[in-house]
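Undergrad: What follows is a structure written as structure tokens; I'll ask about it next.
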Amino acid sequence: MYSYSDFDEAFVRARVAQFTDQIERRLDGSLTEDEFRPLRLMNGLYLQLHAYMLRVAIPYGTVSPRQMRQLAMIADTWDKGYGHFTTRQNIQFNWPKLPDVPAVLTALADVEMHAIQTSGNCVRNVTADHFAGAAADEIEDPRPYAELLRQWSTDHPEFQFLPRKFKIAITGAPKDRAVTKAHDIGLRMVRNAAGETGFEVIVGGGLGRTPMIGMVVRAFLPVEDLLPYVEAVLSVYNVLGRRDNKYKARIKITLHETGQTEITRQIEARFAELKPLFGGQDQRLLADIRAAFAPPVFRTAPTDAFDAFYRADPVFRSWADTNLSPHRNDQYAIVTVSIKAHGQTPGDATSDQMRVLADLAETYGHSDLRISHEQNVILPHVHKSDLPTVHAALVKAGLGTANVGLISDIIACPGMDYCALATARSIPVAQEIALRFNELQLEHDVGPLKIKISGCINACGHHHVGHIGILGLDRAGVENYQITLGGDGSEDAVIGEKTGPGFAYDQVVPAVERIVLAYLGLRQSAEETFLQAYARVGIGPFKAALYEADARDAA
Amino acid sequence: MSVLVTDTGFAPLPPAPQTGVADLAHTDDPAALNLAGLTLIRVHVPAFSDGRGFTIGRRLRMLGYTGTLHAVGPMIADQYPMARRVGFDAVEIPDEIAARQPQSQWLTRASWQAHDYQARLKA
Ligand code: SF4
């Protein structure tokens with residue numbers, strides 16, 4: 001993986017010093033609270049409900065064992081012994097004290113990490129396919145481009161005070177695991193007729209208050225034009241984006257108000273001006289970065305042990321069926337470690353668990369770890385013969401849950417338990433759904449089903465693209481949960497449809513249960529997934545299951 | 001009153017030249033400006049949190065303007081390197097900011113060429 005150049009190293013150290021100085025200048029009154037706020041945010045420090053929260057970037061989701069151990073150390077030293085993996089490939093520490101923040105940032109810099117631009121109205125941590133460099137369906141590893149974008153966007157002088165936050169996601173595979181269509185800029189690698197690689201550039205996707213699927217502004221962008229083109233998009237947005245209303249400030253609204261044709265024209269015109277300013281140094285850097293992401297040297301060894309174990313051990317088999325994905329080398333598998341044990345907080349890992357993951361990656365996983373936007377941890381390269389050992393170690397650490405892609409593999413934002421903006425709880429809803437379906441022993445039978453929960457309209461839990469989406473609102477001081485169905489964050493991205501009136505807190509789990517039982521009743525076979533069945537029958541039967549029983553009971 | 005901030009620190013604002021000066025608002029399109037004969041362009045920034053001025057400065061340089069370029073408004077010392085990097089020569093700040101953020105705080109950020117990813121990527 002990429003390791004810092006002297007330049008990166010010096011940059012990150014200088015940045016820690018700058019932020020330390022900014023904290024002091026806030027305390028001595030040189031900076032007003034209003035002036036300090038954006039500086040604090042662009043260094044990853046949020047003010048939450050109960051305390052400060054530090055959001056640390058895990059660029060394109062890639063983290064080394066050494067870095068993971070350092071995160072564990074930080075959790076033990078300055079937090080309460082755990083960290084929270086987020087939907088944007090970050091890790092959040094919920095309890096740091098302001099005076100400790102410089103020390104935490106220094107500890108991060110010691111392992112080539114930072115919290116830069118994980119918040120604020122700037123270009124955020126660039127996210128990527130968490131199976132990058134391992135997936136069987138990939139055209140090219142997107143991470144070198146993501147690293148190039150990281151360097152380009154870091155402290156970009158023109159774009160530190162944008163109208164609003166700006167998120168970029170990138171994937172190198174046709175199967176979209178990075179939700180590119182719900183980002184301000186989504187980059188999907190494609191091939192043109194000549195077989196050359198480039199990007200389909202999607203602009204203006206986003207969830208939040210006004211969910212929108214992005215529009216294609218360039219069907220094929222040669223890879224070498226990436227930086228000037230992205231810079232052109234940002235430059236146009238910085239001028240056109242609204243600053244009078246923060247709910248209308250994202251580029252998705254700019255795109256809608258300006259029109260796709262006009263904004264595309266402006267982007268192309270700006271791109272023509274910018275392209276000559278890139279003299280080729282970015283491409284030379286890209287070549288170096290690519291070399292750093294060279295695939296590991298894969299081992300060749302028999303895989304019979306795996307096959308035998310798979311036949312003999314039902315617990316292992318169940319885990320292998322849900323938590324493994326095809327690797328480009330057929331002796332290998334991609335392991336998704338579920339951070340969603342039934343009843344636990346989705347995405348929370350203890351420092352001990354982080355250390356176990358680091359050890360496993362080092363011993364069995366070519367020292368590579370990933371964080372997924374679905375809040376799980378990936379061991380992207382594990383030889384099949386090592387899987388039984390890896391599984392046993394995971395089980396011992398409470399990390400062996402066989403539920404990836406199933407109903408209890410829920411994305412939930414922090415909600416009312418931590419977040420100052422929340423209108424409802426989200427973590428306990430996730431915990432109760434997971435416990436209920438575990439009790440029913442139904443989730444393997446139900447098959448692939450993505451539930452996503454947000455604790456307010458900002459939609460950090462991606463509920464709009466959940467197969468079942470749950471949005472917690474506040475109705476006159478009482479939590480009320482709106483349900484959407486049929487959302488999809490994949491390459492066929494769709495925003496889910498509202499079922500109707502919302503549900504009280506204690507009615508959410510029964511409502512989800514009715515939806516799932518309705519699906520089991522109407523699917524044509526066990527092979528027809530929830531999403532396929534939904535596409536076939538529409539929302540009608542689910543509405544009936546949700547609301548008619550109530551109406552009958554009331555009558 | 002205002003203070004002029006450059007790489008060497010604070011200075012009183014010199015009298016503006018009689019001719020060749022243009023003032024741009026943060027909402028103006030630099031491409032609409034006739035650059036011929038201009039020696040000083042002042043880009044007005046209404047609030048430090050409004051980043052449009054950075055794009056205006058940058059575009060003026062991209063359009064070929066080589067004269068003096070000032071950003072004018074309540075910017076903070078932490079933005080000095082950004083202003084310099086997009087092509088401004090100096091920043092004109094109100095007295096209130098100059099009093100709260102004295103010269104030393106701006107000088108700390110005067111080495112704006114250091115640690116600049118853009119310079120590295122655009123060579
Ligand atoms: S969706 Fe709302 S409650 Fe949840 S993390 Fe985002 S802002 Fe907070």
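We label chains A, B, ... in the order they appear in the structure tokens, count residues from 1 in each chain, and number ligands from 1 in the order shown.
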With a cut-off of 8 Å and counting only C-alpha atoms, select all residues of chain B in contact with chain A and give the selection as a ChimeraX atom specification.

TA: /B:27,48-52,54-55,58,62,76,81-83,85-86,100-101,115-118,120-123

Undergrad: Return as a ChimeraX atom specification every polymer residue, whether protein, DNA or RNA, with at least one atom no more than 8 Å from an atom of ligand 1; count only C-alpha atoms and all ligand atoms.

TA: /A:208,412-416,418-426,454-461

Undergrad: Hey, which of B:Ala47, B:Leu4, B:Ala119, B:Ile93 ends up closest to Ala25 in chain B? Count only C-alpha atoms.

TA: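 Of B:Ala47, B:Leu4, B:Ala119, B:Ile93, the one nearest Ala25 in chain B is B:Ala47, counting only C-alpha atoms.
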
Undergrad: Among range 444-551 of chain A, which residues does DSSP mark as helix (DSSP H, G or I) when it is run on the backbone? Keep the chain and numbering as in the structure and answer as a ChimeraX atom specification.

TA: /A:444-446,463-465,505-522,530-537,540-551

Undergrad: Hey, can you check how far CA of Lys165 in chain A sits from CA of Gly487 in chain A?

TA: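 Interatomic distance, CA of Lys165 in chain A to CA of Gly487 in chain A: 23.6 Å.
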
Undergrad: Would you please extract all strand (DSSP E) residues from chain B, as assigned by DSSP on the backbone, and give them as a list of chain:residue names?

TA: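 Output for chain B, strand (DSSP E) only: B:Ser2, B:Val3, B:Leu4, B:Val5, B:Thr6, B:Gly9, B:Phe10, B:Ala11, B:Pro12, B:Val21, B:Ala22, B:Asp23, B:Leu24, B:Leu40, B:Ile41, B:Arg42, B:Val43, B:His44, B:Thr68, B:Leu69, B:His70, B:Ala71, B:Val72, B:Ala90, B:Val91, B:Glu92, B:Ile93, B:Pro94.
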
Undergrad: Would you output that residue set with C-alpha atoms, as a PDB file, in the first residue's frame?

TA:
```pdb
ATOM      1  CA  SER B   2      -7.508  48.758   6.611  1.00  0.00           C
ATOM      2  CA  VAL B   3      -4.180  47.077   6.902  1.00  0.00           C
ATOM      3  CA  LEU B   4      -2.281  45.575   3.992  1.00  0.00           C
ATOM      4  CA  VAL B   5      -0.797  42.151   4.697  1.00  0.00           C
ATOM      5  CA  THR B   6       2.064  40.815   2.590  1.00  0.00           C
ATOM      6  CA  GLY B   9       3.861  41.599   7.511  1.00  0.00           C
ATOM      7  CA  PHE B  10       1.564  44.564   8.060  1.00  0.00           C
ATOM      8  CA  ALA B  11       1.760  47.891   6.264  1.00  0.00           C
ATOM      9  CA  PRO B  12      -0.595  50.825   6.026  1.00  0.00           C
ATOM     10  CA  VAL B  21      -7.873  49.886 -10.767  1.00  0.00           C
ATOM     11  CA  ALA B  22     -10.862  47.537 -10.777  1.00  0.00           C
ATOM     12  CA  ASP B  23     -12.979  46.320  -7.891  1.00  0.00           C
ATOM     13  CA  LEU B  24     -14.732  42.961  -8.147  1.00  0.00           C
ATOM     14  CA  LEU B  40      -4.574  46.607  -9.494  1.00  0.00           C
ATOM     15  CA  ILE B  41      -7.606  44.400  -9.038  1.00  0.00           C
ATOM     16  CA  ARG B  42      -9.256  44.229  -5.640  1.00  0.00           C
ATOM     17  CA  VAL B  43     -11.535  41.252  -5.019  1.00  0.00           C
ATOM     18  CA  HIS B  44     -13.983  41.912  -2.196  1.00  0.00           C
ATOM     19  CA  THR B  68      -1.332  43.339  -8.588  1.00  0.00           C
ATOM     20  CA  LEU B  69      -4.159  41.375  -7.038  1.00  0.00           C
ATOM     21  CA  HIS B  70      -5.604  42.022  -3.580  1.00  0.00           C
ATOM     22  CA  ALA B  71      -8.220  40.165  -1.585  1.00  0.00           C
ATOM     23  CA  VAL B  72     -10.177  42.652   0.497  1.00  0.00           C
ATOM     24  CA  ALA B  90      -1.713  40.647  -0.596  1.00  0.00           C
ATOM     25  CA  VAL B  91      -4.739  40.809   1.628  1.00  0.00           C
ATOM     26  CA  GLU B  92      -6.414  44.001   2.879  1.00  0.00           C
ATOM     27  CA  ILE B  93      -7.956  43.328   6.274  1.00  0.00           C
ATOM     28  CA  PRO B  94     -10.053  45.555   8.519  1.00  0.00           C
TER      29      PRO B  94
END
```

Undergrad: What does the distance from CA of Pro174 in chain A to CA of Tyr145 in chain A come to in Å, to one decimal?

TA: 16.4 Å

Undergrad: So what do you get for CA of Gly343 in chain A versus CA of Glu432 in chain A, distance-wise?

TA: 6.6 Å

Undergrad: Considering only C-alpha atoms, state which residue in the set A:Val179, A:Leu221, A:Val335, A:Leu54 is at the smallest distance from Pro102 in chain A.

TA: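 Nearest to Pro102 in chain A: A:Leu54.
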